[in-house]
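> Enclosed is the structure file start_30.cif (mmCIF, C-alpha atoms).
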```cif
data_protein
loop_
_atom_site.group_PDB
_atom_site.id
_atom_site.type_symbol
_atom_site.label_atom_id
_atom_site.label_comp_id
_atom_site.auth_asym_id
_atom_site.auth_seq_id
_atom_site.Cartn_x
_atom_site.Cartn_y
_atom_site.Cartn_z
ATOM 1 C CA MET E 1 21.372 -59.334 -58.993
ATOM 2 C CA GLN E 2 24.893 -58.383 -57.980
ATOM 3 C CA ARG E 3 26.197 -59.898 -54.769
ATOM 4 C CA PRO E 4 28.128 -57.618 -52.475
ATOM 5 C CA SER E 5 31.895 -57.617 -52.807
ATOM 6 C CA PHE E 6 33.279 -58.252 -49.353
ATOM 7 C CA ALA E 7 36.634 -59.272 -48.061
ATOM 8 C CA SER E 8 35.824 -62.050 -45.635
ATOM 9 C CA ARG E 9 33.139 -63.580 -43.493
ATOM 10 C CA PHE E 10 35.553 -62.891 -40.638
ATOM 11 C CA GLY E 11 35.649 -59.157 -41.310
ATOM 12 C CA GLU E 12 38.616 -56.917 -41.948
ATOM 13 C CA THR E 13 40.709 -54.438 -40.052
ATOM 14 C CA PRO E 14 39.549 -50.843 -40.548
ATOM 15 C CA GLU E 15 42.150 -48.974 -42.604
ATOM 16 C CA ALA E 16 42.763 -46.456 -39.823
ATOM 17 C CA GLU E 17 43.853 -49.337 -37.568
ATOM 18 C CA LEU E 18 46.215 -51.095 -40.001
ATOM 19 C CA PRO E 19 49.903 -51.476 -39.182
ATOM 20 C CA GLU E 20 51.856 -48.922 -41.234
ATOM 21 C CA ASP E 21 53.523 -51.478 -43.529
ATOM 22 C CA ILE E 22 50.149 -52.934 -44.530
ATOM 23 C CA ALA E 23 48.590 -49.466 -44.875
ATOM 24 C CA ALA E 24 51.452 -48.608 -47.256
ATOM 25 C CA ILE E 25 50.587 -51.645 -49.390
ATOM 26 C CA TYR E 26 46.958 -50.505 -49.496
ATOM 27 C CA ARG E 27 48.044 -47.031 -50.619
ATOM 28 C CA ALA E 28 50.411 -48.397 -53.275
ATOM 29 C CA ASN E 29 47.737 -50.659 -54.753
ATOM 30 C CA ARG E 30 45.080 -47.967 -54.680
ATOM 31 C CA GLU E 31 47.513 -45.710 -56.535
ATOM 32 C CA LYS E 32 48.508 -48.387 -59.065
ATOM 33 C CA VAL E 33 45.168 -50.061 -59.892
ATOM 34 C CA GLY E 34 42.600 -47.785 -58.257
ATOM 35 C CA PHE E 35 41.384 -50.139 -55.520
ATOM 36 C CA VAL E 36 42.523 -52.463 -52.723
ATOM 37 C CA PRO E 37 42.088 -56.148 -53.633
ATOM 38 C CA ASN E 38 39.796 -57.997 -51.242
ATOM 39 C CA VAL E 39 42.506 -60.566 -50.539
ATOM 40 C CA PHE E 40 44.476 -57.770 -48.835
ATOM 41 C CA ARG E 41 41.420 -56.730 -46.856
ATOM 42 C CA ALA E 42 40.726 -60.317 -45.802
ATOM 43 C CA TYR E 43 44.270 -61.046 -44.667
ATOM 44 C CA SER E 44 44.548 -57.665 -42.900
ATOM 45 C CA ARG E 45 42.680 -59.229 -39.988
ATOM 46 C CA ARG E 46 45.794 -61.295 -39.237
ATOM 47 C CA PRO E 47 48.818 -59.037 -39.960
ATOM 48 C CA GLU E 48 51.448 -61.781 -39.574
ATOM 49 C CA HIS E 49 49.506 -64.000 -41.968
ATOM 50 C CA PHE E 50 49.140 -61.051 -44.368
ATOM 51 C CA ARG E 51 52.894 -60.473 -44.377
ATOM 52 C CA ALA E 52 53.799 -64.147 -44.815
ATOM 53 C CA PHE E 53 51.164 -64.737 -47.500
ATOM 54 C CA MET E 54 52.075 -61.636 -49.475
ATOM 55 C CA HIS E 55 55.811 -62.244 -49.219
ATOM 56 C CA TYR E 56 55.601 -65.762 -50.630
ATOM 57 C CA HIS E 57 53.044 -64.637 -53.228
ATOM 58 C CA ASP E 58 55.445 -61.935 -54.428
ATOM 59 C CA VAL E 59 58.424 -64.320 -54.483
ATOM 60 C CA LEU E 60 56.461 -66.767 -56.625
ATOM 61 C CA MET E 61 54.644 -64.342 -58.884
ATOM 62 C CA ARG E 62 57.167 -61.516 -59.290
ATOM 63 C CA GLY E 63 60.527 -62.983 -58.302
ATOM 64 C CA LYS E 64 63.279 -64.276 -60.536
ATOM 65 C CA SER E 65 62.122 -67.280 -62.532
ATOM 66 C CA GLY E 66 62.451 -68.977 -65.891
ATOM 67 C CA LEU E 67 58.657 -68.713 -66.096
ATOM 68 C CA SER E 68 57.145 -65.601 -67.622
ATOM 69 C CA ARG E 69 54.656 -63.583 -65.590
ATOM 70 C CA ALA E 70 51.900 -64.754 -67.964
ATOM 71 C CA GLU E 71 52.898 -68.407 -67.475
ATOM 72 C CA ARG E 72 52.699 -67.967 -63.712
ATOM 73 C CA GLU E 73 49.255 -66.407 -63.963
ATOM 74 C CA ALA E 74 48.109 -69.224 -66.269
ATOM 75 C CA ILE E 75 49.085 -71.742 -63.579
ATOM 76 C CA VAL E 76 47.081 -69.819 -60.985
ATOM 77 C CA VAL E 77 44.023 -69.573 -63.229
ATOM 78 C CA ALA E 78 44.114 -73.272 -64.183
ATOM 79 C CA VAL E 79 44.561 -74.502 -60.604
ATOM 80 C CA SER E 80 41.983 -72.044 -59.249
ATOM 81 C CA SER E 81 39.500 -73.129 -61.900
ATOM 82 C CA GLU E 82 39.929 -76.760 -60.900
ATOM 83 C CA ASN E 83 39.475 -75.771 -57.249
ATOM 84 C CA ARG E 84 36.445 -73.635 -58.151
ATOM 85 C CA CYS E 85 37.943 -70.584 -56.450
ATOM 86 C CA GLN E 86 35.929 -67.656 -57.741
ATOM 87 C CA TYR E 87 38.221 -65.050 -56.188
ATOM 88 C CA CYS E 88 41.495 -66.348 -57.655
ATOM 89 C CA MET E 89 40.002 -67.262 -61.027
ATOM 90 C CA THR E 90 38.624 -63.757 -61.379
ATOM 91 C CA ALA E 91 41.540 -61.752 -59.972
ATOM 92 C CA HIS E 92 44.264 -63.787 -61.648
ATOM 93 C CA GLY E 93 42.181 -64.157 -64.804
ATOM 94 C CA ALA E 94 42.357 -60.357 -65.036
ATOM 95 C CA ALA E 95 46.134 -60.479 -64.551
ATOM 96 C CA LEU E 96 46.458 -63.194 -67.215
ATOM 97 C CA ARG E 97 44.396 -61.164 -69.686
ATOM 98 C CA ILE E 98 46.665 -58.165 -69.095
ATOM 99 C CA LEU E 99 50.058 -59.925 -68.981
ATOM 100 C CA GLY E 100 49.276 -62.520 -71.654
ATOM 101 C CA LYS E 101 47.630 -59.973 -73.941
ATOM 102 C CA ASP E 102 45.157 -62.655 -75.066
ATOM 103 C CA ALA E 103 41.739 -62.394 -73.396
ATOM 104 C CA GLU E 104 40.367 -65.328 -75.390
ATOM 105 C CA LEU E 105 43.109 -67.702 -74.236
ATOM 106 C CA ALA E 106 42.740 -66.492 -70.644
ATOM 107 C CA GLU E 107 39.021 -67.329 -70.767
ATOM 108 C CA GLN E 108 39.765 -70.752 -72.278
ATOM 109 C CA ILE E 109 42.192 -71.527 -69.451
ATOM 110 C CA ALA E 110 39.680 -70.363 -66.825
ATOM 111 C CA ASN E 111 36.946 -72.532 -68.308
ATOM 112 C CA ASN E 112 38.976 -75.671 -69.030
ATOM 113 C CA TRP E 113 42.694 -75.496 -69.748
ATOM 114 C CA ARG E 114 42.573 -79.013 -71.255
ATOM 115 C CA THR E 115 40.548 -77.745 -74.237
ATOM 116 C CA ALA E 116 42.377 -74.404 -74.553
ATOM 117 C CA ASP E 117 44.505 -73.491 -77.579
ATOM 118 C CA LEU E 118 47.823 -73.946 -75.763
ATOM 119 C CA THR E 119 51.393 -74.235 -76.948
ATOM 120 C CA PRO E 120 53.034 -77.578 -76.100
ATOM 121 C CA ARG E 121 55.065 -75.790 -73.381
ATOM 122 C CA TRP E 122 51.950 -74.363 -71.707
ATOM 123 C CA ARG E 123 50.074 -77.677 -72.031
ATOM 124 C CA ALA E 124 52.913 -79.530 -70.261
ATOM 125 C CA MET E 125 53.129 -76.809 -67.609
ATOM 126 C CA LEU E 126 49.393 -76.789 -66.841
ATOM 127 C CA ALA E 127 49.155 -80.587 -66.883
ATOM 128 C CA PHE E 128 51.873 -80.741 -64.235
ATOM 129 C CA ALA E 129 50.327 -77.903 -62.208
ATOM 130 C CA SER E 130 47.042 -79.786 -62.276
ATOM 131 C CA ARG E 131 48.797 -82.925 -61.033
ATOM 132 C CA VAL E 132 50.378 -80.985 -58.145
ATOM 133 C CA ASN E 133 46.851 -79.973 -57.216
ATOM 134 C CA GLU E 134 45.667 -83.601 -56.877
ATOM 135 C CA PRO E 135 45.289 -85.299 -53.482
ATOM 136 C CA GLY E 136 48.298 -87.455 -52.653
ATOM 137 C CA PHE E 137 50.459 -85.882 -55.367
ATOM 138 C CA ALA E 138 53.994 -87.225 -55.731
ATOM 139 C CA ALA E 139 55.927 -86.381 -58.903
ATOM 140 C CA SER E 140 57.358 -89.200 -60.960
ATOM 141 C CA ASP E 141 60.710 -89.092 -62.732
ATOM 142 C CA GLU E 142 58.803 -89.423 -66.009
ATOM 143 C CA GLU E 143 56.763 -86.292 -65.284
ATOM 144 C CA ILE E 144 59.900 -84.315 -64.504
ATOM 145 C CA GLU E 145 61.563 -85.567 -67.684
ATOM 146 C CA ALA E 146 58.495 -84.621 -69.727
ATOM 147 C CA LEU E 147 58.789 -81.080 -68.373
ATOM 148 C CA HIS E 148 62.498 -81.012 -69.204
ATOM 149 C CA GLY E 149 61.553 -82.127 -72.722
ATOM 150 C CA ALA E 150 59.139 -79.175 -72.938
ATOM 151 C CA GLY E 151 61.977 -76.772 -72.133
ATOM 152 C CA PHE E 152 61.684 -76.410 -68.363
ATOM 153 C CA SER E 153 64.740 -76.390 -66.093
ATOM 154 C CA ASP E 154 64.727 -77.966 -62.632
ATOM 155 C CA ASP E 155 64.138 -74.504 -61.137
ATOM 156 C CA ASP E 156 61.212 -73.970 -63.526
ATOM 157 C CA VAL E 157 59.686 -77.301 -62.467
ATOM 158 C CA TRP E 158 60.095 -76.212 -58.833
ATOM 159 C CA ASP E 159 58.372 -72.909 -59.626
ATOM 160 C CA VAL E 160 55.438 -74.579 -61.412
ATOM 161 C CA ALA E 161 54.917 -76.871 -58.415
ATOM 162 C CA ALA E 162 55.364 -74.091 -55.851
ATOM 163 C CA ILE E 163 52.843 -71.821 -57.596
ATOM 164 C CA ALA E 164 50.304 -74.634 -57.968
ATOM 165 C CA ALA E 165 50.728 -75.679 -54.333
ATOM 166 C CA PHE E 166 50.612 -72.130 -52.970
ATOM 167 C CA PHE E 167 47.429 -71.378 -54.862
ATOM 168 C CA GLY E 168 45.890 -74.636 -53.662
ATOM 169 C CA LEU E 169 46.336 -73.130 -50.186
ATOM 170 C CA SER E 170 45.122 -69.718 -51.331
ATOM 171 C CA ASN E 171 42.015 -71.220 -52.967
ATOM 172 C CA ARG E 172 41.108 -73.068 -49.806
ATOM 173 C CA MET E 173 41.593 -69.995 -47.621
ATOM 174 C CA ALA E 174 39.449 -67.937 -50.021
ATOM 175 C CA GLY E 175 36.762 -70.605 -49.662
ATOM 176 C CA LEU E 176 37.023 -70.485 -45.882
ATOM 177 C CA MET E 177 36.688 -66.707 -45.875
ATOM 178 C CA ASP E 178 33.950 -66.636 -48.566
ATOM 179 C CA MET E 179 36.138 -64.034 -50.259
ATOM 180 C CA ARG E 180 34.556 -62.341 -53.270
ATOM 181 C CA PRO E 181 36.371 -60.724 -56.180
ATOM 182 C CA ASN E 182 36.401 -56.955 -56.381
ATOM 183 C CA ALA E 183 33.993 -55.843 -59.117
ATOM 184 C CA GLU E 184 36.881 -54.061 -60.875
ATOM 185 C CA PHE E 185 38.602 -57.354 -61.737
ATOM 186 C CA TYR E 186 35.830 -58.425 -64.119
ATOM 187 C CA ALA E 187 36.528 -55.617 -66.597
ATOM 188 C CA MET E 188 40.322 -55.601 -66.432
ATOM 189 C CA GLY E 189 42.196 -56.715 -69.555
ATOM 190 C CA ARG E 190 39.148 -56.803 -71.795
ATOM 191 C CA GLU E 191 38.777 -54.712 -74.959
#
```
As structure tokens - that is how I would like this structure written.


Amino acid sequence: MQRPSFASRFGETPEAELPEDIAAIYRANREKVGFVPNVFRAYSRRPEHFRAFMHYHDVLMRGKSGLSRAEREAIVVAVSSENRCQYCMTAHGAALRILGKDAELAEQIANNWRTADLTPRWRAMLAFASRVNEPGFAASDEEIEALHGAGFSDDDVWDVAAIAAFFGLSNRMAGLMDMRPNAEFYAMGRE
């Protein structure tokens, strides 16, 4: 039995009533991937929240960084898996399959990054991202040095932490909204 794919238990703004800047984002995504992700629909209810959320998301996930796009998506998938966020695991799992060009590794990370076939760099990165996700997290000098030893700069360490922390927020908001992944995400990036 397939559950309905809906944006949020709080509803969404009808497309005809969207502010023009948000409507333009809907159009661009529909043109690029063929659908509007439910996270957009969910946040459309609160336009200022939509804009703030999407801006920081885009800075973290598409902005200048020493982390590759696939590394960033791996962080999201690992953290979202630990937080049991179905929406982010599914949507960002699709992005990781596409950007990382390794569907098997993406599935391993989604299921349990600790047992995945990771490079030492990715293992250090995901271990730190997981730590950021823990209650009461405070980084130690030793953890930062271990990341430096794995080839990460201070800015890279910042980015790993910022992505993990942002998606901790995103996972919790998705849980609040009972946000479900668009059906299209499940097939993306698979052979």

> Taking into account all atoms listed in the file, which residue in the set E:Ala91, E:Val160, E:Val59, E:Leu18 is nearest to Arg131 in chain E?

E:Val160

> Could you name the residues that touch range 176-184 of chain E at 6 Å or less, counting only C-alpha atoms, but leaving out those on the same chain fewer than 5 positions away, as an mmCIF file with C-alpha atoms, in the frame of the given file?


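Output contents, as saved in out.cif:
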```
data_model
loop_
_atom_site.group_PDB
_atom_site.id
_atom_site.type_symbol
_atom_site.label_atom_id
_atom_site.label_comp_id
_atom_site.auth_asym_id
_atom_site.auth_seq_id
_atom_site.Cartn_x
_atom_site.Cartn_y
_atom_site.Cartn_z
ATOM 1 C CA SER E 5 31.895 -57.617 -52.807
ATOM 2 C CA PHE E 6 33.279 -58.252 -49.353
ATOM 3 C CA ALA E 7 36.634 -59.272 -48.061
ATOM 4 C CA SER E 8 35.824 -62.050 -45.635
ATOM 5 C CA ARG E 9 33.139 -63.580 -43.493
ATOM 6 C CA TYR E 87 38.221 -65.050 -56.188
#
```

> Excluding range 140-157 of chain E and its own-chain neighbours fewer than 2 positions away, which residues fall within 7 Å of it when counting all atoms listed in the file? Please give them as a short mmCIF file (atom, residue, chain, number, x, y, z; two decimals) with C-alpha atoms, in the coordinates of the input.


```cif
data_model
loop_
_atom_site.label_atom_id
_atom_site.label_comp_id
_atom_site.auth_asym_id
_atom_site.auth_seq_id
_atom_site.Cartn_x
_atom_site.Cartn_y
_atom_site.Cartn_z
CA SER E 65 62.12 -67.28 -62.53
CA GLY E 66 62.45 -68.98 -65.89
CA LEU E 67 58.66 -68.71 -66.10
CA ARG E 121 55.06 -75.79 -73.38
CA ALA E 124 52.91 -79.53 -70.26
CA ALA E 138 53.99 -87.22 -55.73
CA ASP E 159 58.37 -72.91 -59.63
CA VAL E 160 55.44 -74.58 -61.41
CA ALA E 161 54.92 -76.87 -58.42
#
```

> Excluding Arg46 in chain E and its own-chain neighbours fewer than 4 positions away, which residues fall within 10 Å of it when counting only C-alpha atoms? Please give them as number ranges by chain.

E: 12-13, 41-42, 50-51

> Write out the residues from the selection above, keeping C-alpha atoms, as a tab-separated table (two decimals), in the frame of the given file.


```
chain	number	residue	atom	x	y	z
E	12	GLU	CA	38.62	-56.92	-41.95
E	13	THR	CA	40.71	-54.44	-40.05
E	41	ARG	CA	41.42	-56.73	-46.86
E	42	ALA	CA	40.73	-60.32	-45.80
E	50	PHE	CA	49.14	-61.05	-44.37
E	51	ARG	CA	52.89	-60.47	-44.38
```

> Pick out the residues sitting within 8 Å of Leu96 in chain E, and hand them over as a compact mmCIF listing (two decimals) with C-alpha atoms, in the coordinates of the input; count only C-alpha atoms, and ignore anything fewer than 2 positions along from it in its own chain.


```
# COMPACT_ATOMS: atom_id res chain seq x y z
CA ALA E 70 51.90 -64.75 -67.96
CA GLU E 73 49.26 -66.41 -63.96
CA ALA E 74 48.11 -69.22 -66.27
CA VAL E 77 44.02 -69.57 -63.23
CA HIS E 92 44.26 -63.79 -61.65
CA GLY E 93 42.18 -64.16 -64.80
CA ALA E 94 42.36 -60.36 -65.04
CA ILE E 98 46.66 -58.16 -69.10
CA LEU E 99 50.06 -59.92 -68.98
CA GLY E 100 49.28 -62.52 -71.65
CA LYS E 101 47.63 -59.97 -73.94
CA ASP E 102 45.16 -62.66 -75.07
CA ALA E 103 41.74 -62.39 -73.40
CA ALA E 106 42.74 -66.49 -70.64
```

> I would like the residues chosen by the PyMOL selection byres ((chain E and resi 61) around 10) on the shown file; could you give them as a PyMOL selection string?

chain E and resi 55-60+62-65+67-73+76+159+163

> Running the PyMOL selection byres ((chain E and resi 79) around 8) on this model by hand, what would come out? Give it as a list in words.

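Applying the PyMOL selection byres ((chain E and resi 79) around 8) to the structure shown produces Ile75, Val76, Val77, Ala78, Ser80, Ser81, Glu82, Asn83, Ala129, Ser130, Asn133, Ala164, Phe167 and Gly168 of chain E.
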
> Please indicate the distance in Å from CA of Tyr26 in chain E to CA of Pro47 in chain E, rounded to one decimal place.

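Computing it gives 12.9 Å between the two atoms.
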
> What are the centre and the three edge lengths of an axis-aligned box that wraps all atoms of range 35-38 of chain E in the file, given that 6 Å is added to every side, written as lines of an AutoDock Vina configuration file and rounded to one decimal in Å?


```
center_x = 41.2
center_y = -54.1
center_z = -53.4
size_x = 14.7
size_y = 19.9
size_z = 16.3
```

> Could you check how far CA of Tyr43 in chain E sits from CA of Glu31 in chain E, in Å to one decimal?

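Atom-to-atom, CA of Tyr43 in chain E to CA of Glu31 in chain E, that is 19.7 Å.
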
> For the atom pair CA of Ala95 in chain E and CA of Tyr186 in chain E, what is the interatomic distance in Å to one decimal place?

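Going from CA of Ala95 in chain E over to CA of Tyr186 in chain E, I get 10.5 Å.
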
> Find the residue from E:Phe137, E:Met89, E:Phe166, E:Ile109 that sits nearest to Met54 in chain E; use only C-alpha atoms when measuring.

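Using only C-alpha atoms, the shortest distance to Met54 in chain E belongs to E:Phe166.
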
> If we count all atoms listed in the file, what is near Ser170 in chain E at a cut-off of 9 Å, once residues fewer than 4 positions away on the same chain are taken out, given as number ranges by chain?

E: 53, 80, 85, 88, 165-166, 174-175

> Deliver the residues from the most recent selection as a file, using C-alpha atoms, as a PDB file, keeping the file's coordinate frame.


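Wrote again19.pdb, looks like this:
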```pdb
ATOM      1  CA  PHE E  53      51.164 -64.737 -47.500  1.00  0.00           C
ATOM      2  CA  SER E  80      41.983 -72.044 -59.249  1.00  0.00           C
ATOM      3  CA  CYS E  85      37.943 -70.584 -56.450  1.00  0.00           C
ATOM      4  CA  CYS E  88      41.495 -66.348 -57.655  1.00  0.00           C
ATOM      5  CA  ALA E 165      50.728 -75.679 -54.333  1.00  0.00           C
ATOM      6  CA  PHE E 166      50.612 -72.130 -52.970  1.00  0.00           C
ATOM      7  CA  ALA E 174      39.449 -67.937 -50.021  1.00  0.00           C
ATOM      8  CA  GLY E 175      36.762 -70.605 -49.662  1.00  0.00           C
TER       9      GLY E 175
END
```

> So, counting all atoms listed in the file, which residue among E:Val132, E:Met188, E:Arg45, E:Asp117 is closest to Ala162 in chain E?

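That would be E:Val132, the residue with the smallest distance to Ala162 in chain E.
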
> Smallest atom-to-atom distance to Glu17 in chain E: which of E:Ala110, E:Phe128, E:Ser44, E:Leu118, using only C-alpha atoms?

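Result for the nearest residue to Glu17 in chain E: E:Ser44.
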